Amino acid sequence: MTGIGDYLRVVYTIARKDLLVESRSKQTTNAAFVFALLIIVVFSFVFGEEVGSRDVLARGALWLAVVFGGAVGMSHAVALEGKNEAIAGLLLAPVDRSAIYLGKVASSTVFITGIGLLSLGFVVVFLDYAFDMATLATVLLVVPLAALGFSAVGVLLSILMLHSQLQESLLPVLLVPLVIPIILSGTALTEPGLSEGMTSAWFRILLTYDLLVLVAGWMTFEYVVEE
Amino acid sequence: MAFVSVSGVTKRFGTHVGVDDVSFDLEAGETAVLFGANGAGKTTLIRMLASLSRPTEGDIEIGSEPLGSGNAAVRSRLGVVAHETMLYEELTARENLRLHARLHGVDAAVCDELLETVGLASRGGERVAGFSHGMSKRVSLARALVHDPDLLLFDEPYTGLDQTSLKRVAAVLEDLEDRTVLAATHDLERGYRLADRVLFVNDGRLVGDLETTAFDDAAEVLEEYERRCTGGEPRAVTSGRAVPTRSTVAGTGTERASGTNTDDPGGSNDG
């Protein structure tokens, strides 16, 4: 199996399989979405009246929900791969194993983007916050980019910890510090009225981080998955 | 030229040595059984042959191609049935097989034929989550055969199966005469019937490599295994193979070609 067409076919096959499995089990979706909802509801109760700036409150709640909902979702998704050692079946295929990595990153990106968009809805409803159109457009662009970087690190880390007894509790602890550049750029980029120069700078940081972690994962996945 | 060549393979997990300097060859079409107690190193050896685990030392070749990173094509020659089924429970049996057919670049039509072979044609549209262990194992067997591999690796293929599944799996395995098969099993009775050779593994080392024709029944094989594990004198056998060390494999290989009993404990892998 060679050529870019075959490579992309494997990426698509893996991503499609992941989304199909998730659409049936809904295990990860439920866990992540409930977690994101809880964060935003707790935010609305605790900080609703105390925090002067609604912008700060909305952005904080949105990115906390995305990061922690994503981390919970990722650990559940990898638990599915560990069950019956299903991932070993994928690794036995005569394909470039980096294509498996990219497939899993793709499905995870779709999933975390979904959490982000739903969290956006929760913020609007529970925090009674109205995004202006410019900020909303930026959020819709930033969330998938943040999800890509988050997934690129998360997939690699969660596969590394697949056989760890503490996987589900340890993953968020290790993952969150690694995605700090995403949290920083995400919160900055969704700030209303950010200057053009700052927007451009934060986008460059986010895109560079995405590219770096994606290339690092793509290059090292083969070695990470072999015992 | 051997189809499978395992040369001086060692696997360490920290300070623990899981497999210790194991060497053997398998000819194309040959069926061998790895026999050993729990923790002897059978699964580790099978996982290394399946490219799921990297040897700490030594080399593995399949069809003269080195097994390892960057050689994905070699994996197309491998079919593996392990302890775990490697199936997604949320997918149906047919979807699981089609996933693997796509990854192997094989026509999906073969999936229905294989479901028929393992006796699950009528259940192909059901999710694996609802299957018994035996049924899942049969789907796993079909998964391993989906790309018509040359080498089949089985890790405890009979464990935990009900009678129906046991018969089905045994029938499929006995039907694989043209393939090269290496099976790790505790079920020496079935393993003995299946195999041309039996490889004894103890504490990560290969302590015997004998042709099954040297024994009248499985009980004799077990006796011989116990004798070797306890350091007793191996019985004289009229056919069998030397247990090669790294040096003999790297050398001329004359020790392997003798054809008579060369199963000398002095030549065994003692570290």
# chains A, B, ... in the order shown; residues from 1 in each chain; ligands from 1
call {"tool": "interface_residues", "arguments": {"of": "chain B", "to": "chain A", "cutoff": "6 Å", "atoms": "only C-alpha atoms", "output": "PyMOL selection string"}}
result
chain B and resi 52-53+72-73+75-76+84-87+90+103-104
call {"tool": "residues_around", "arguments": {"residues": "segment 171-187 of chain A", "least_positions_apart": "6", "cutoff": "8 Å", "atoms": "only C-alpha atoms", "output": "PyMOL selection string"}}
result
chain A and resi 59-60+63+67-68+71-72+75+142-143+146+149-150+153-154+157-158+161+202-203+205-206+209
call {"tool": "residues_around", "arguments": {"residues": "segment 98-105 of chain A", "least_positions_apart": "4", "cutoff": "6 Å", "atoms": "only C-alpha atoms", "output": "MDAnalysis selection string"}}
result
chainID A and resid 11 14:15 109 151:152 218
call {"tool": "write_last_selection", "arguments": {"atoms": "C-alpha atoms", "output": "tab-separated table (two decimals), in the first residue's frame"}}
result
chain	number	residue	atom	x	y	z
A	11	VAL	CA	-6.47	8.29	7.57
A	14	ILE	CA	-9.50	5.32	10.90
A	15	ALA	CA	-11.28	8.64	11.45
A	109	THR	CA	-10.41	17.14	16.29
A	151	SER	CA	-5.77	16.27	19.66
A	152	ALA	CA	-2.24	16.06	18.26
A	218	TRP	CA	3.49	12.05	13.14
call {"tool": "atom_distance", "arguments": {"atom1": "atom CA of Pro66 of chain B", "atom2": "atom CA of Ile159 of chain A"}}
result
25.4 Å
call {"tool": "select_by_dssp", "arguments": {"residues": "segment 22-74 of chain B", "states": "strand (DSSP E)", "output": "VMD selection string"}}
result
chain B and resid 22 to 26 31 to 36 57 to 62 65 to 66
call {"tool": "write_last_selection", "arguments": {"atoms": "C-alpha atoms", "output": "compact mmCIF listing (two decimals), in the first residue's frame"}}
result
# COMPACT_ATOMS: atom_id res chain seq x y z
CA VAL B 22 15.72 -17.28 21.49
CA SER B 23 16.49 -18.54 18.01
CA PHE B 24 14.56 -20.81 15.70
CA ASP B 25 13.49 -21.08 12.09
CA LEU B 26 10.21 -22.12 10.52
CA THR B 31 3.13 -25.69 11.84
CA ALA B 32 4.82 -25.28 15.20
CA VAL B 33 3.46 -25.06 18.69
CA LEU B 34 5.07 -22.99 21.42
CA PHE B 35 4.50 -24.84 24.64
CA GLY B 36 5.28 -23.51 28.08
CA GLU B 57 18.19 -7.63 20.98
CA GLY B 58 18.18 -9.95 18.01
CA ASP B 59 16.52 -10.06 14.63
CA ILE B 60 13.33 -11.45 13.16
CA GLU B 61 12.89 -12.06 9.45
CA ILE B 62 9.76 -13.12 7.65
CA GLU B 65 12.44 -9.41 5.03
CA PRO B 66 13.38 -7.88 8.39
call {"tool": "select_by_dssp", "arguments": {"residues": "segment 77-134 of chain B", "states": "alpha helix (DSSP H)", "output": "PyMOL selection string"}}
result
chain B and resi 93-103+109-117+133-134
call {"tool": "atom_distance", "arguments": {"atom1": "atom CA of Leu114 of chain B", "atom2": "atom CA of Ala142 of chain B"}}
result
5.5 Å
